[in-house]
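Undergrad: The structure that follows is given in the form of structure tokens.
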Amino acid sequence: MTTLTEADALDGLRDALGLLKDREQVAERLLASSAKHSFDPDKELDWDAPLEEGKWFWPPELVSLYDTPMWKRMSEEQRILLSRHEAAALASLGIWFEIILMQLLVRHIYDKAATSAHVRYALTEIEDECRHSKMFARLIRHGGTPWYPVSRPHQALGRLFKTISTTPGSFTATLLGEEVLDWMQRLTFPDERVQTLIRGVTRIHVVEEARHVRYAREELRRQMVTAPKWSQEFTRVTSGEFARVFSVAFVNPEVYTNVGLDKREAMAQVKASGHRREVMRTGAKRLTDFLDDIGVLRGVGRRLWRSSGLLA
């Protein structure tokens, strides 16, 4: 019988050689992991505990204005307040994205055998995303901030994308939404400067999203080999455009107004910030390396990814 260690070694070898893994075996292993490491945020987290005085809601280095001239003029209290609102804005963005993702997953499995492990895992992931969206919504209310919806144009683009997206395009978008936030959350949950509740939320999300990333990567690798050429090319273009939308939506301008800052000046300083640019590119690097390896970052799509600021 193959041990888990041997199985992981075989997976690593297949990755190195660019070989496709058995879809059902991947799903079975993800289902087993889900059975062992899934969480109910309503029970796992202490929602009745008061917020901690003087603690951040997001690591300061990940706050959009960090190290800008405006940041240097702000008091510590105003910086922490901005982190509070940006955490709420990112939670709001996460809900928007996860609702799109759930619809894409339902479309993906619509005509597949419901008895397969691949479909059963997709349904398990949808369960996870439902809990995550409810967790993020509760976090926003607990923090006493507004809900920060994406702009109307981005709402419309999201509605269009989830309607016309190809299967590989759907999984590319899934990874874009998951991997940049995952990188940030991996820095957040061990950071003792950050509110305990925020750290708990990010810990749950990181553990469960690791399975989602694995599922999406395996399926996208398969799709970029098996999908028709037109679908692959369409994926390259639509994923590049979605990267542009996502990178803009990552910062909600209303947070600046709500903490007493000039919105236009703040957005201009974020756009000019070398630190912020490096944060976003570093957060996306593991993903862009993978997408480059499997042939997504080519032609017009690559130029769109560069214009998004996520690809050097």
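Letters for chains follow the order of the structure tokens (A, B, ...), residue numbers begin at 1 for each chain, and ligand numbers begin at 1 in the order shown.
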Set out as a tab-separated table a contact list for segment 166-273 of chain A and segment 68-71 of chain A with a cut-off of 10 Å, giving each residue of segment 166-273 of chain A that qualifies its closest atom pair and distance in Å to one decimal, counting only C-alpha atoms, ordered by chain and rising residue number.

TA:
residue	atom	partner	partner_atom	distance
A:Leu261	CA	A:Met70	CA	8.9
A:Asp262	CA	A:Met70	CA	9.7
A:Glu265	CA	A:Met70	CA	8.4
A:Ala266	CA	A:Met70	CA	7.2
A:Gln269	CA	A:Thr68	CA	6.5
A:Val270	CA	A:Thr68	CA	7.5
A:Ala272	CA	A:Thr68	CA	8.7
A:Ser273	CA	A:Thr68	CA	6.5

Undergrad: For the selection just defined, write its residues with C-alpha atoms to a file, as a PDB file, in the first residue's frame.

TA:
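After the write, again-v5.pdb holds the following:
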ATOM      1  CA  LEU A 261      -8.599  60.788   4.306  1.00  0.00           C
ATOM      2  CA  ASP A 262      -8.735  62.429   0.892  1.00  0.00           C
ATOM      3  CA  GLU A 265      -4.842  61.665  -2.922  1.00  0.00           C
ATOM      4  CA  ALA A 266      -4.848  58.274  -1.210  1.00  0.00           C
ATOM      5  CA  GLN A 269      -0.291  57.468  -3.542  1.00  0.00           C
ATOM      6  CA  VAL A 270      -1.253  53.790  -3.573  1.00  0.00           C
ATOM      7  CA  ALA A 272       2.609  55.324  -7.050  1.00  0.00           C
ATOM      8  CA  SER A 273       3.722  53.134  -4.139  1.00  0.00           C
TER       9      SER A 273
END

Undergrad: At a cut-off of 9 Å, can you tabulate as JSON lines every residue of segment 97-143 of chain A near segment 166-172 of chain A together with its closest atom pair and the distance in Å to one decimal, using only C-alpha atoms and ordering rows by chain then number?

TA:
{"residue": "A:Leu101", "atom": "CA", "partner": "A:Ser170", "partner_atom": "CA", "distance": 7.8}
{"residue": "A:Leu104", "atom": "CA", "partner": "A:Ser170", "partner_atom": "CA", "distance": 6.2}
{"residue": "A:Leu105", "atom": "CA", "partner": "A:Ser170", "partner_atom": "CA", "distance": 8.2}
{"residue": "A:Arg107", "atom": "CA", "partner": "A:Thr167", "partner_atom": "CA", "distance": 8.6}
{"residue": "A:His108", "atom": "CA", "partner": "A:Thr167", "partner_atom": "CA", "distance": 6.6}

Undergrad: So what do you get for atom CA of Arg244 of chain A versus atom CA of Ala87 of chain A, distance-wise?

TA: 21.0 Å

Undergrad: Which is closer to Tyr148 of chain A than all the others in A:Val245, A:Leu220, A:Ile294, A:Ala88, using only C-alpha atoms?

TA: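 Among the listed residues, the smallest separation from Tyr148 of chain A belongs to A:Ala88.
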
Undergrad: Go through segment 188-293 of chain A and flag each residue having an atom no more than 9 Å from segment 178-181 of chain A; for those, report the closest pair of atoms plus their distance in Å to one decimal, using only C-alpha atoms, ordered by chain and rising number, as a tab-separated table.

TA:
residue	atom	partner	partner_atom	distance
A:Glu209	CA	A:Glu178	CA	7.2
A:Ala210	CA	A:Glu178	CA	9.0
A:His212	CA	A:Glu178	CA	8.2
A:Val213	CA	A:Glu178	CA	7.1
A:Met280	CA	A:Val180	CA	7.5
A:Arg281	CA	A:Val180	CA	8.9
A:Thr282	CA	A:Val180	CA	8.5
A:Gly283	CA	A:Val180	CA	4.8
A:Ala284	CA	A:Val180	CA	5.2
A:Lys285	CA	A:Val180	CA	8.6
A:Arg286	CA	A:Glu179	CA	8.0
A:Leu287	CA	A:Glu179	CA	6.7
